[in-house]
Amino acid sequence: MKILVLGSGGREHAIVCALAKSRVFAATTGDLKEYLHSAPGNSGIAQIAQCHQANINAPDEILALCKKLEIDLAIVGPEEPLIVGVSDTLRNNGIKVFGPGARGAKLEGSKSFSKQFMVKNGIPTAGFDVCSTMSQCKEALAKRQAPYVIKADGLAAGKGVFLPDSYDEAIDVCSNLLEGHFLGDAGNTLVIEDYMEGKELTVLAMTDGNNAILLEPSQDHKRVFDDNKGPNTGGMGAYSPVSWADKELLSKIGTQVLNPSLEGLKNEGISYCGVLYLGLMLKPDGELCLLEYNSRFGDPETQAVLPIFNGDFGEAVLSCCNGTLGEYQEHYSLSSLSENAKKSSICVILASGGYPGFYEPGKIIEGIPEAEAMSGVEIYHAGTKKVADGEIRTTGGRVLGVTAISDSIENARSLAYEAIGKIKFEKMHYRKDIGEI
Ligand code: GLY
């Protein structure tokens, strides 16, 4: 079995680490790096997998790489390659892929498509209007009150959701997007939604299109500063499990959201193998609301959830690709007392000073070996680079994810912040309140 993981962030590092522990490699001999590959990968991934330079959004280039490396299975980390059809190209050429084709990825790639899909399949979601002219926007805004929720239809690297506090500000946002092309084509169509209040939850479902397994629910922290202040980021940390996401709620998520989603995909003739990310809200009245789908693992939720995954991750991925997830479920329900069953985990992102705005790269990072030597601590690389002098330097806004695993969220949090105390780089910034519920 030769596996290629596409992507270069902390999420992909966590995926590679989980694969490295899997029994899918049990029969292999020699160096694991012969079997585990990544494109482009990062300096953390390079410690356990062979990394290859490639444009992961170019289907033919990735197909050529897979052929050269004799890859059996590809796992697609980020959304862009899914949306441009990398999975379709690989599958059409006989390579197993964990990640939906372009039609399935549209659930993430087009907000208007996903909202219409939710309504068509009776999935609870906030009321909305799809607008592509200013007069439609004015009509949609006039029906609602502040704060307004305006979403760009297309992919916008986490910058496509706006919550203006006044009607005038909302008009400016719409005009910047529709007329100023502030987000390019991604903002040519807008979704204007009812504002919802409640508690947010991420549920990641791995699916073969028929069956699905839910990973432990998690919560991420999107704002850059403590107490949910400051601008939105790609995510400053996550924790799992979430105490209020009990069995009853999970069963409701299954009945009201996951099962109708899978049915709806089948009815559209979309064969969906990969992760269905459910961005949910639990409203104060106890009702569920699906805020969004993503067609891939969350980042940084994955860095919190995979280390406490109660099963063999590689086997789960393979079962999805083979359409045999039902058998996998039967096998793992027998081992519910596995060592991870009662673990909690927290991932704190260490970011460059200035992120999500301008930041200076190239800062030397110290203390990673000391932090990762701690029992129960995993360090996931995201924006790092090993340079010629052997130093690890910062290259991105989100630099490292420090994950700690323990018997409770409180203990995991203490452990994570103790590990962070060992890591240093100039202008390092992180939230101090990850996992405080
Ligand atoms: N953490 C949010 C996301 O992955 O989209």
# chains A, B, ... in the order shown; residues from 1 in each chain; ligands from 1
$ residues_near_ligand --ligand "ligand 1" --cutoff "10 Å" --atoms "only C-alpha atoms and all ligand atoms" --output "ChimeraX atom specification"
/A:11,78-79,108,157-158,202,218-222,233-238,277-279,292-302
$ write_last_selection --atoms "C-alpha atoms" --output "PDB file, in the first residue's frame"
ATOM      1  CA  ARG A  11      -4.245  18.995   9.205  1.00  0.00           C
ATOM      2  CA  PRO A  78      -7.613  20.936   1.335  1.00  0.00           C
ATOM      3  CA  GLU A  79     -10.733  21.986  -0.561  1.00  0.00           C
ATOM      4  CA  GLU A 108     -18.267  23.487   0.068  1.00  0.00           C
ATOM      5  CA  ALA A 157      -9.902  31.226   1.993  1.00  0.00           C
ATOM      6  CA  GLY A 158     -11.887  31.850   5.164  1.00  0.00           C
ATOM      7  CA  THR A 202     -17.986  20.635  14.284  1.00  0.00           C
ATOM      8  CA  SER A 218     -15.066  19.318  18.396  1.00  0.00           C
ATOM      9  CA  GLN A 219     -15.193  23.084  18.632  1.00  0.00           C
ATOM     10  CA  ASP A 220     -12.800  25.445  16.959  1.00  0.00           C
ATOM     11  CA  HIS A 221     -11.942  29.023  17.900  1.00  0.00           C
ATOM     12  CA  LYS A 222     -11.953  31.204  14.809  1.00  0.00           C
ATOM     13  CA  THR A 233      -8.702  33.404  11.164  1.00  0.00           C
ATOM     14  CA  GLY A 234      -8.356  29.916   9.696  1.00  0.00           C
ATOM     15  CA  GLY A 235      -8.734  28.719  13.319  1.00  0.00           C
ATOM     16  CA  MET A 236      -6.662  29.422  16.445  1.00  0.00           C
ATOM     17  CA  GLY A 237      -7.321  26.135  18.218  1.00  0.00           C
ATOM     18  CA  ALA A 238      -9.772  23.333  18.818  1.00  0.00           C
ATOM     19  CA  TYR A 277     -17.774  18.301   7.565  1.00  0.00           C
ATOM     20  CA  LEU A 278     -20.905  19.493   9.354  1.00  0.00           C
ATOM     21  CA  GLY A 279     -20.617  23.003  10.794  1.00  0.00           C
ATOM     22  CA  GLU A 292     -22.260  24.933   6.475  1.00  0.00           C
ATOM     23  CA  TYR A 293     -20.791  21.848   4.876  1.00  0.00           C
ATOM     24  CA  ASN A 294     -17.148  21.407   4.071  1.00  0.00           C
ATOM     25  CA  SER A 295     -15.964  18.575   1.890  1.00  0.00           C
ATOM     26  CA  ARG A 296     -12.787  17.791   3.863  1.00  0.00           C
ATOM     27  CA  PHE A 297     -11.348  17.496   7.348  1.00  0.00           C
ATOM     28  CA  GLY A 298     -11.408  20.722   9.388  1.00  0.00           C
ATOM     29  CA  ASP A 299      -8.248  22.584  10.269  1.00  0.00           C
ATOM     30  CA  PRO A 300      -7.445  22.750  13.219  1.00  0.00           C
ATOM     31  CA  GLU A 301     -10.225  20.352  14.347  1.00  0.00           C
ATOM     32  CA  THR A 302      -8.375  17.405  12.766  1.00  0.00           C
TER      33      THR A 302
END
$ residues_around --residues "stretch 168-178 of chain A" --least-positions-apart "6" --cutoff "8 Å" --atoms "only C-alpha atoms" --output "MDAnalysis selection string"
chainID A and resid 132:134 137:138 141 148 150 152 162 184 187:190
$ write_last_selection --atoms "N, CA, C and O atoms" --output "PDB file, in the first residue's frame"
ATOM      1  N   SER A 132     -27.581  38.221  -6.732  1.00  0.00           N
ATOM      2  CA  SER A 132     -26.464  38.538  -7.621  1.00  0.00           C
ATOM      3  C   SER A 132     -26.554  39.971  -8.155  1.00  0.00           C
ATOM      4  O   SER A 132     -25.761  40.363  -9.001  1.00  0.00           O
ATOM      5  N   THR A 133     -27.524  40.736  -7.649  1.00  0.00           N
ATOM      6  CA  THR A 133     -27.594  42.170  -8.008  1.00  0.00           C
ATOM      7  C   THR A 133     -27.788  42.963  -6.710  1.00  0.00           C
ATOM      8  O   THR A 133     -28.263  42.419  -5.698  1.00  0.00           O
ATOM      9  N   MET A 134     -27.481  44.259  -6.789  1.00  0.00           N
ATOM     10  CA  MET A 134     -27.642  45.104  -5.600  1.00  0.00           C
ATOM     11  C   MET A 134     -29.116  45.225  -5.221  1.00  0.00           C
ATOM     12  O   MET A 134     -29.447  45.284  -4.036  1.00  0.00           O
ATOM     13  N   CYS A 137     -29.961  42.325  -3.182  1.00  0.00           N
ATOM     14  CA  CYS A 137     -29.342  42.439  -1.839  1.00  0.00           C
ATOM     15  C   CYS A 137     -30.185  43.371  -0.961  1.00  0.00           C
ATOM     16  O   CYS A 137     -30.454  43.052   0.208  1.00  0.00           O
ATOM     17  N   LYS A 138     -30.585  44.519  -1.525  1.00  0.00           N
ATOM     18  CA  LYS A 138     -31.362  45.489  -0.728  1.00  0.00           C
ATOM     19  C   LYS A 138     -32.659  44.846  -0.243  1.00  0.00           C
ATOM     20  O   LYS A 138     -33.055  45.014   0.916  1.00  0.00           O
ATOM     21  N   LEU A 141     -31.802  42.327   2.543  1.00  0.00           N
ATOM     22  CA  LEU A 141     -31.391  42.984   3.794  1.00  0.00           C
ATOM     23  C   LEU A 141     -32.588  43.642   4.472  1.00  0.00           C
ATOM     24  O   LEU A 141     -32.707  43.615   5.703  1.00  0.00           O
ATOM     25  N   TYR A 148     -26.287  41.460  10.233  1.00  0.00           N
ATOM     26  CA  TYR A 148     -26.599  40.789   8.967  1.00  0.00           C
ATOM     27  C   TYR A 148     -25.545  39.707   8.702  1.00  0.00           C
ATOM     28  O   TYR A 148     -24.412  39.812   9.176  1.00  0.00           O
ATOM     29  N   ILE A 150     -23.708  37.892   5.590  1.00  0.00           N
ATOM     30  CA  ILE A 150     -23.506  37.912   4.130  1.00  0.00           C
ATOM     31  C   ILE A 150     -22.356  36.963   3.805  1.00  0.00           C
ATOM     32  O   ILE A 150     -21.275  37.058   4.387  1.00  0.00           O
ATOM     33  N   ALA A 152     -20.041  35.116   0.684  1.00  0.00           N
ATOM     34  CA  ALA A 152     -19.679  34.984  -0.732  1.00  0.00           C
ATOM     35  C   ALA A 152     -19.984  33.551  -1.141  1.00  0.00           C
ATOM     36  O   ALA A 152     -19.739  32.615  -0.374  1.00  0.00           O
ATOM     37  N   PHE A 162     -19.295  37.722   6.262  1.00  0.00           N
ATOM     38  CA  PHE A 162     -19.320  39.080   6.823  1.00  0.00           C
ATOM     39  C   PHE A 162     -20.522  39.217   7.756  1.00  0.00           C
ATOM     40  O   PHE A 162     -21.601  38.724   7.445  1.00  0.00           O
ATOM     41  N   GLY A 184     -13.010  38.680  -6.112  1.00  0.00           N
ATOM     42  CA  GLY A 184     -13.032  38.114  -7.463  1.00  0.00           C
ATOM     43  C   GLY A 184     -14.359  37.417  -7.739  1.00  0.00           C
ATOM     44  O   GLY A 184     -15.404  37.811  -7.219  1.00  0.00           O
ATOM     45  N   GLY A 187     -17.213  36.269  -5.172  1.00  0.00           N
ATOM     46  CA  GLY A 187     -18.239  37.164  -4.632  1.00  0.00           C
ATOM     47  C   GLY A 187     -19.240  37.633  -5.680  1.00  0.00           C
ATOM     48  O   GLY A 187     -19.964  38.603  -5.449  1.00  0.00           O
ATOM     49  N   ASN A 188     -19.325  36.947  -6.807  1.00  0.00           N
ATOM     50  CA  ASN A 188     -20.295  37.355  -7.846  1.00  0.00           C
ATOM     51  C   ASN A 188     -21.729  37.010  -7.467  1.00  0.00           C
ATOM     52  O   ASN A 188     -22.669  37.585  -7.995  1.00  0.00           O
ATOM     53  N   THR A 189     -21.871  36.029  -6.589  1.00  0.00           N
ATOM     54  CA  THR A 189     -23.186  35.672  -6.047  1.00  0.00           C
ATOM     55  C   THR A 189     -23.029  35.690  -4.531  1.00  0.00           C
ATOM     56  O   THR A 189     -21.985  35.281  -4.010  1.00  0.00           O
ATOM     57  N   LEU A 190     -24.058  36.171  -3.843  1.00  0.00           N
ATOM     58  CA  LEU A 190     -23.996  36.246  -2.374  1.00  0.00           C
ATOM     59  C   LEU A 190     -25.161  35.486  -1.773  1.00  0.00           C
ATOM     60  O   LEU A 190     -26.233  35.388  -2.386  1.00  0.00           O
TER      61      LEU A 190
END
$ closest_residue --among "A:Glu193, A:Glu34, A:Asp285, A:Glu61" --to "A:Gly127" --atoms "only C-alpha atoms"
A:Glu193
$ atom_distance --atom1 "atom CA of A:Gln256" --atom2 "atom CA of A:Ile123"
6.1 Å
$ residues_around --residues "stretch 406-408 of chain A" --least-positions-apart "4" --cutoff "9 Å" --atoms "only C-alpha atoms" --output "MDAnalysis selection string"
chainID A and resid 342:346 376 412:413 415
$ write_last_selection --atoms "C-alpha atoms" --output "mmCIF file, in the first residue's frame"
data_model
loop_
_atom_site.group_PDB
_atom_site.id
_atom_site.type_symbol
_atom_site.label_atom_id
_atom_site.label_comp_id
_atom_site.auth_asym_id
_atom_site.auth_seq_id
_atom_site.Cartn_x
_atom_site.Cartn_y
_atom_site.Cartn_z
ATOM 1 C CA LYS A 342 -11.941 8.276 27.198
ATOM 2 C CA LYS A 343 -9.259 10.680 26.034
ATOM 3 C CA SER A 344 -9.619 14.413 25.591
ATOM 4 C CA SER A 345 -7.545 16.568 23.367
ATOM 5 C CA ILE A 346 -6.789 20.194 22.704
ATOM 6 C CA GLY A 376 0.896 13.169 25.454
ATOM 7 C CA ALA A 412 -5.098 18.438 28.233
ATOM 8 C CA ARG A 413 -5.219 22.238 28.379
ATOM 9 C CA LEU A 415 -0.353 20.053 29.238
#
$ atom_distance --atom1 "atom CA of A:Ala382" --atom2 "atom CA of A:Val76"
16.0 Å
$ select_by_dssp --residues "stretch 17-164 of chain A" --states "strand (DSSP E)" --output "PyMOL selection string"
chain A and resi 36-40+50-51+73-76+96-98+128-131+149-152+161-162
$ write_last_selection --atoms "N, CA, C and O atoms" --output "compact mmCIF listing (two decimals), in the first residue's frame"
# COMPACT_ATOMS: atom_id res chain seq x y z
N LEU A 36 4.74 6.02 2.38
CA LEU A 36 3.97 7.18 2.81
C LEU A 36 4.57 8.43 2.14
O LEU A 36 5.74 8.75 2.36
N HIS A 37 3.73 9.09 1.31
CA HIS A 37 4.20 10.24 0.54
C HIS A 37 3.28 11.43 0.76
O HIS A 37 2.10 11.25 1.11
N SER A 38 3.81 12.62 0.50
CA SER A 38 2.98 13.81 0.62
C SER A 38 3.40 14.82 -0.45
O SER A 38 4.57 14.89 -0.83
N ALA A 39 2.43 15.59 -0.93
CA ALA A 39 2.75 16.68 -1.86
C ALA A 39 1.93 17.90 -1.44
O ALA A 39 0.73 17.77 -1.28
N PRO A 40 2.47 19.10 -1.23
CA PRO A 40 3.91 19.26 -1.14
C PRO A 40 4.44 18.88 0.25
O PRO A 40 5.64 18.74 0.41
N GLN A 50 7.83 10.86 2.52
CA GLN A 50 8.61 11.55 1.48
C GLN A 50 7.77 12.68 0.92
O GLN A 50 6.61 12.46 0.54
N CYS A 51 8.34 13.88 0.83
CA CYS A 51 7.59 15.02 0.32
C CYS A 51 8.02 15.31 -1.12
O CYS A 51 9.19 15.17 -1.47
N LEU A 73 -3.40 4.86 -3.10
CA LEU A 73 -4.47 5.61 -2.44
C LEU A 73 -4.02 7.04 -2.19
O LEU A 73 -2.92 7.26 -1.65
N ALA A 74 -4.85 7.99 -2.59
CA ALA A 74 -4.54 9.40 -2.31
C ALA A 74 -5.57 9.95 -1.34
O ALA A 74 -6.76 9.63 -1.42
N ILE A 75 -5.10 10.76 -0.40
CA ILE A 75 -5.99 11.44 0.54
C ILE A 75 -5.84 12.94 0.27
O ILE A 75 -4.73 13.47 0.32
N VAL A 76 -6.97 13.58 -0.04
CA VAL A 76 -6.89 15.01 -0.39
C VAL A 76 -7.23 15.83 0.85
O VAL A 76 -8.33 15.71 1.40
N LYS A 96 -7.38 4.78 -5.89
CA LYS A 96 -8.37 5.01 -4.83
C LYS A 96 -8.14 6.43 -4.28
O LYS A 96 -6.99 6.84 -4.11
N VAL A 97 -9.25 7.11 -3.98
CA VAL A 97 -9.11 8.48 -3.45
C VAL A 97 -10.05 8.66 -2.28
O VAL A 97 -11.24 8.32 -2.37
N PHE A 98 -9.54 9.21 -1.19
CA PHE A 98 -10.37 9.63 -0.07
C PHE A 98 -10.58 11.13 -0.22
O PHE A 98 -9.68 11.93 0.04
N PHE A 128 -32.59 32.08 4.03
CA PHE A 128 -31.59 32.77 3.20
C PHE A 128 -32.18 33.26 1.89
O PHE A 128 -33.25 32.81 1.47
N ASP A 129 -31.45 34.16 1.25
CA ASP A 129 -31.75 34.59 -0.12
C ASP A 129 -30.44 34.55 -0.91
O ASP A 129 -29.38 34.85 -0.37
N VAL A 130 -30.54 34.16 -2.17
CA VAL A 130 -29.37 34.17 -3.05
C VAL A 130 -29.47 35.43 -3.91
O VAL A 130 -30.51 35.68 -4.52
N CYS A 131 -28.41 36.23 -3.91
CA CYS A 131 -28.47 37.54 -4.58
C CYS A 131 -27.28 37.71 -5.54
O CYS A 131 -26.14 37.42 -5.16
N VAL A 149 -25.94 38.69 7.97
CA VAL A 149 -24.99 37.62 7.61
C VAL A 149 -24.90 37.58 6.10
O VAL A 149 -25.89 37.30 5.42
N ILE A 150 -23.71 37.89 5.59
CA ILE A 150 -23.51 37.91 4.13
C ILE A 150 -22.36 36.96 3.81
O ILE A 150 -21.28 37.06 4.39
N LYS A 151 -22.62 36.02 2.90
CA LYS A 151 -21.58 35.05 2.54
C LYS A 151 -21.32 35.09 1.04
O LYS A 151 -22.27 35.09 0.25
N ALA A 152 -20.04 35.12 0.68
CA ALA A 152 -19.68 34.98 -0.73
C ALA A 152 -19.98 33.55 -1.14
O ALA A 152 -19.74 32.62 -0.37
N VAL A 161 -17.11 35.39 4.85
CA VAL A 161 -18.31 35.58 5.68
C VAL A 161 -18.22 36.95 6.36
O VAL A 161 -17.19 37.28 6.96
N PHE A 162 -19.30 37.72 6.26
CA PHE A 162 -19.32 39.08 6.82
C PHE A 162 -20.52 39.22 7.76
O PHE A 162 -21.60 38.72 7.44
$ closest_residue --among "A:Glu426, A:Glu372, A:Glu436, A:Glu366" --to "A:Val402" --atoms "only C-alpha atoms"
A:Glu372
$ atom_distance --atom1 "atom CA of A:Asp312" --atom2 "atom CA of A:Arg23"
7.1 Å
$ residues_around --residues "A:Leu19" --least-positions-apart "6" --cutoff "10 Å" --atoms "only C-alpha atoms" --output "PyMOL selection string"
chain A and resi 3+5+13+25+36+312-315+317
$ write_last_selection --atoms "N, CA, C and O atoms" --output "compact mmCIF listing (two decimals), in the first residue's frame"
# COMPACT_ATOMS: atom_id res chain seq x y z
N ILE A 3 0.60 5.35 -0.10
CA ILE A 3 -0.39 6.41 0.11
C ILE A 3 0.24 7.78 -0.12
O ILE A 3 1.39 8.03 0.30
N VAL A 5 -0.58 11.86 0.55
CA VAL A 5 -1.44 12.85 1.22
C VAL A 5 -1.17 14.20 0.56
O VAL A 5 -0.03 14.68 0.54
N HIS A 13 -0.40 17.13 8.40
CA HIS A 13 0.59 16.52 9.28
C HIS A 13 -0.10 15.54 10.24
O HIS A 13 0.38 14.42 10.47
N PHE A 25 -0.09 -0.52 7.08
CA PHE A 25 1.32 -0.66 6.74
C PHE A 25 1.96 -1.86 7.44
O PHE A 25 3.17 -2.04 7.37
N LEU A 36 4.74 6.02 2.38
CA LEU A 36 3.97 7.18 2.81
C LEU A 36 4.57 8.43 2.14
O LEU A 36 5.74 8.75 2.36
N ASP A 312 -8.66 2.42 13.86
CA ASP A 312 -7.48 2.49 13.01
C ASP A 312 -7.82 3.42 11.84
O ASP A 312 -8.66 3.08 11.00
N PHE A 313 -7.17 4.57 11.80
CA PHE A 313 -7.53 5.60 10.82
C PHE A 313 -7.29 5.12 9.39
O PHE A 313 -8.13 5.30 8.50
N GLY A 314 -6.14 4.48 9.17
CA GLY A 314 -5.84 4.00 7.80
C GLY A 314 -6.89 3.01 7.33
O GLY A 314 -7.33 3.04 6.17
N GLU A 315 -7.31 2.11 8.23
CA GLU A 315 -8.33 1.13 7.86
C GLU A 315 -9.67 1.81 7.59
O GLU A 315 -10.41 1.40 6.69
N VAL A 317 -10.07 4.87 6.39
CA VAL A 317 -9.96 5.53 5.08
C VAL A 317 -10.11 4.49 3.96
O VAL A 317 -10.86 4.68 2.99
